[in-house]
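One structure is given here, and the rest of the page talks about it.
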Amino acid sequence: MRLKRSLALILICVLTLGLVACSGSNMRPPTMSPGPAPDVPPAPTPTETPETQPETDTPNTTYPPELVGARVRVGALRGPSGMGIAPLIEWSENEHHTINTYHFTMMGAPEEVTAALISGELDIATVPTNVASLLYNRLDGQLKVIGINTLGVLFILDSTGEIHEIEDLRGKTINATGQGATPQFALEYILHTNGLEPGVDVEIVFNAEHAELASLMVAGNVSLGMLPQPFVTTVLNRSDDFQIAIDLTEAWEEANPGTQFVQGVLVVRSEFLERYPDAVKIFLNDHAHSVAYANANPDSAAVLIELYDILPAQIAVQAIPRSNLVHIDGPEIQPLIESVLTVLYDANPQTVGGALPSEDFFFFG
């Protein structure tokens, strides 16, 4: 690990040359209000030198001395939600900032996270919004949403230069991924609200895998496609023909004024929350700082994202600004999440587990 951290530091210094001094004094997360979380003795001063760890200065957070830190098993998906957690993984590895002891597991598909939550192998996880509702119904309410970590990451890419707004899709064929899930129903909803009938005015062809569709686009076999990040960045990097034509987050908000396109949330098993409520609050505070650091320092965050086997750094550094990484907790999460789940429920109730969650789906800290 010392060698990996040494390499990480070198990459950070190279990537940030001219912007940040490698002494590390300027590479601090932005000053943030720590939120509802809590007051322990200040985090111990790092004992490792810059030669042995990436320079990700930790949040200036203190916690009540009476708190006992919990071992928290956290699952995250490779992709935007994992990118936002990468700085926290590094801080946790060095044990400099929190009394929680974290064990992180990176996973490749929502089904893996779902299985681990159901079996009790995870305490907290990042999941797509509809999957949180599915789990809530599957676990008879023994799961809570505690925050929002990702807004919309879907984009329509075009190589013809003809697509600039939703109306331009009339008469076109668009390839997409996510059949039977949020991407399909979000696209169809946005088409409907703009007066276009899926299957009549716009033909949608679904591909099973994001990587498959990205490869077809790069090869020139598909000229119009909808993909999530980081596959959008992959296509743009490998083909000069494509450009972002439509940001579905913007299109969603235009169709639903006052709402946001929530695609990823943080969930906790109710049993863990009841036993360690303070540990959950500390996690929320830690996560807020982690996401803020990633957004403010994409170069150095990208190095950590690669270090922890989430994404290649050269993809991550470009994907971060387009991935809508956020930390939102408290009462405002309820209307934002409910608006998305209602659209999905109206399209297909099974997408959210057959029923919309009740009030106890939400934990506000």
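Identifiers in the structure tokens: chain A, B, ... in order shown; residue index from 1 per chain; ligand index from 1 in order shown.
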**Prompt:** Just asking: which residues within range 102-179 of chain A are alpha helix (DSSP H) according to DSSP, as a PyMOL selection string?
**Reply:** chain A and resi 110-119+129-138
**Request:** Quick one: pick out all strand (DSSP E) residues within range 31-279 of chain A from a backbone DSSP run and write them as a VMD selection string.
**Result:** chain A and resid 71 to 77 101 to 107 124 to 128 143 to 151 154 to 158 173 to 176 203 to 206 224 to 228 243 to 247 262 to 269
Contact table range 252-279 of chain A vs range 154-164 of chain A, cut-off 12 Å, shortest pair per residue, only C-alpha atoms, as a tab-separated table:
residue	atom	partner	partner_atom	distance
A:Trp252	CA	A:Leu154	CA	10.4
A:Phe261	CA	A:Leu154	CA	9.8
A:Val262	CA	A:Leu154	CA	11.1
A:Gln263	CA	A:Leu154	CA	9.3
Selection above as a file: all heavy atoms, as a short mmCIF file (atom, residue, chain, number, x, y, z; two decimals), in the first residue's frame:
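What landed in result09.cif:
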data_model
loop_
_atom_site.label_atom_id
_atom_site.label_comp_id
_atom_site.auth_asym_id
_atom_site.auth_seq_id
_atom_site.Cartn_x
_atom_site.Cartn_y
_atom_site.Cartn_z
N TRP A 252 -35.54 16.80 -17.49
CA TRP A 252 -36.43 16.37 -16.40
C TRP A 252 -36.92 17.57 -15.60
O TRP A 252 -38.10 17.68 -15.28
CB TRP A 252 -35.69 15.40 -15.49
CG TRP A 252 -36.49 14.95 -14.29
CD1 TRP A 252 -36.69 15.64 -13.13
CD2 TRP A 252 -37.21 13.72 -14.16
NE1 TRP A 252 -37.46 14.92 -12.27
CE2 TRP A 252 -37.81 13.74 -12.87
CE3 TRP A 252 -37.39 12.61 -14.98
CZ2 TRP A 252 -38.58 12.67 -12.40
CZ3 TRP A 252 -38.17 11.55 -14.51
CH2 TRP A 252 -38.75 11.59 -13.24
N PHE A 261 -33.82 15.52 -10.76
CA PHE A 261 -33.79 14.15 -11.24
C PHE A 261 -32.85 13.35 -10.35
O PHE A 261 -31.66 13.24 -10.61
CB PHE A 261 -33.31 14.15 -12.70
CG PHE A 261 -33.40 12.80 -13.38
CD1 PHE A 261 -34.20 11.80 -12.90
CD2 PHE A 261 -32.65 12.56 -14.53
CE1 PHE A 261 -34.28 10.56 -13.52
CE2 PHE A 261 -32.71 11.33 -15.17
CZ PHE A 261 -33.53 10.33 -14.67
N VAL A 262 -33.41 12.76 -9.29
CA VAL A 262 -32.61 12.02 -8.32
C VAL A 262 -32.39 10.60 -8.84
O VAL A 262 -33.34 9.83 -8.96
CB VAL A 262 -33.31 11.97 -6.95
CG1 VAL A 262 -32.49 11.16 -5.96
CG2 VAL A 262 -33.56 13.37 -6.43
N GLN A 263 -31.14 10.25 -9.10
CA GLN A 263 -30.85 8.91 -9.62
C GLN A 263 -30.15 8.00 -8.61
O GLN A 263 -30.19 6.79 -8.75
CB GLN A 263 -30.00 9.00 -10.89
CG GLN A 263 -30.83 9.35 -12.11
CD GLN A 263 -30.13 8.96 -13.41
OE1 GLN A 263 -29.61 9.82 -14.10
NE2 GLN A 263 -30.11 7.69 -13.72
#
**Prompt:** Could you name the residues that touch range 305-315 of chain A at 7 Å or less, counting only C-alpha atoms, but leaving out those on the same chain fewer than 6 positions away, as a PyMOL selection string?
**Reply:** chain A and resi 78-79+82-83+86+233-234
Go ahead and dump the residues you just picked, all heavy atoms, as a short mmCIF file (atom, residue, chain, number, x, y, z; two decimals), in the first residue's frame.
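Result went into result-v6.cif, see below:
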data_model
loop_
_atom_site.label_atom_id
_atom_site.label_comp_id
_atom_site.auth_asym_id
_atom_site.auth_seq_id
_atom_site.Cartn_x
_atom_site.Cartn_y
_atom_site.Cartn_z
N ARG A 78 -19.48 1.01 -8.56
CA ARG A 78 -18.48 1.65 -9.41
C ARG A 78 -19.20 2.59 -10.37
O ARG A 78 -20.14 2.18 -11.04
CB ARG A 78 -17.68 0.60 -10.18
CG ARG A 78 -16.77 -0.22 -9.29
CD ARG A 78 -15.91 -1.19 -10.11
NE ARG A 78 -14.97 -1.89 -9.25
CZ ARG A 78 -15.25 -3.04 -8.63
NH1 ARG A 78 -16.44 -3.60 -8.80
NH2 ARG A 78 -14.35 -3.62 -7.85
N GLY A 79 -18.77 3.82 -10.41
CA GLY A 79 -19.46 4.83 -11.20
C GLY A 79 -19.58 6.10 -10.37
O GLY A 79 -18.81 6.29 -9.42
N GLY A 82 -19.62 5.79 -6.50
CA GLY A 82 -18.32 5.40 -5.99
C GLY A 82 -17.30 6.51 -6.08
O GLY A 82 -16.43 6.64 -5.20
N MET A 83 -17.40 7.34 -7.13
CA MET A 83 -16.47 8.46 -7.26
C MET A 83 -16.59 9.42 -6.09
O MET A 83 -15.59 9.92 -5.57
CB MET A 83 -16.72 9.20 -8.59
CG MET A 83 -16.39 8.39 -9.82
SD MET A 83 -16.33 9.37 -11.35
CE MET A 83 -18.02 9.90 -11.51
N ALA A 86 -14.74 8.04 -2.91
CA ALA A 86 -13.30 7.74 -2.96
C ALA A 86 -12.47 8.51 -1.92
O ALA A 86 -11.63 7.91 -1.24
CB ALA A 86 -12.75 7.96 -4.36
N THR A 233 -18.47 9.95 -21.07
CA THR A 233 -17.10 10.44 -21.21
C THR A 233 -16.26 9.49 -22.05
O THR A 233 -15.43 9.92 -22.86
CB THR A 233 -16.46 10.64 -19.82
OG1 THR A 233 -17.19 11.66 -19.13
CG2 THR A 233 -15.00 11.05 -19.93
N THR A 234 -16.47 8.19 -21.89
CA THR A 234 -15.73 7.20 -22.68
C THR A 234 -15.98 7.41 -24.17
O THR A 234 -15.04 7.42 -24.97
CB THR A 234 -16.15 5.78 -22.29
OG1 THR A 234 -15.83 5.56 -20.91
CG2 THR A 234 -15.44 4.75 -23.14
#
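Among the candidate residues A:Ala296, A:Val222, A:Ala181, A:Val232, the one lying nearest to Pro128 in chain A is A:Ala181, with distances computed using only C-alpha atoms.
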**Prompt:** If you measure from CA of Phe361 in chain A to CA of Leu77 in chain A, what distance in Å do you get, rounded to one decimal?
**Reply:**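 Atom-to-atom, CA of Phe361 in chain A to CA of Leu77 in chain A, that is 21.4 Å.
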**Prompt:** Do you know which residues are at most 8 Å from Gly171 in chain A counting only C-alpha atoms, after dropping those on the same chain fewer than 3 positions away, and could you put them as a PyMOL selection string?
**Reply:** chain A and resi 201-203
Export N, CA and C atoms of the chosen residues as a PDB file, in the first residue's frame?
ATOM      1  N   ASP A 201     -43.514   8.275 -32.485  1.00  0.00           N
ATOM      2  CA  ASP A 201     -42.741   9.435 -32.953  1.00  0.00           C
ATOM      3  C   ASP A 201     -41.238   9.219 -32.820  1.00  0.00           C
ATOM      4  N   VAL A 202     -40.857   8.390 -31.849  1.00  0.00           N
ATOM      5  CA  VAL A 202     -39.434   8.098 -31.607  1.00  0.00           C
ATOM      6  C   VAL A 202     -39.281   6.603 -31.394  1.00  0.00           C
ATOM      7  N   GLU A 203     -38.424   5.979 -32.166  1.00  0.00           N
ATOM      8  CA  GLU A 203     -38.149   4.549 -31.990  1.00  0.00           C
ATOM      9  C   GLU A 203     -36.994   4.385 -30.996  1.00  0.00           C
TER      10      GLU A 203
END
**Message:** Please list as a PyMOL selection string every residue within 10 Å of Gln334 in chain A, counting only C-alpha atoms and excluding residues in the same chain fewer than 3 positions away.
**Reply:** chain A and resi 145-148+329-331+337-339+359+361-364
**Test item: residues at most 10 Å from range 108-123 of chain A, only C-alpha atoms, excluding those fewer than 5 positions along its chain, as a ChimeraX atom specification** = /A:71-79,103,128,131-132,134-135,138-139,142-143,267-273,280,310
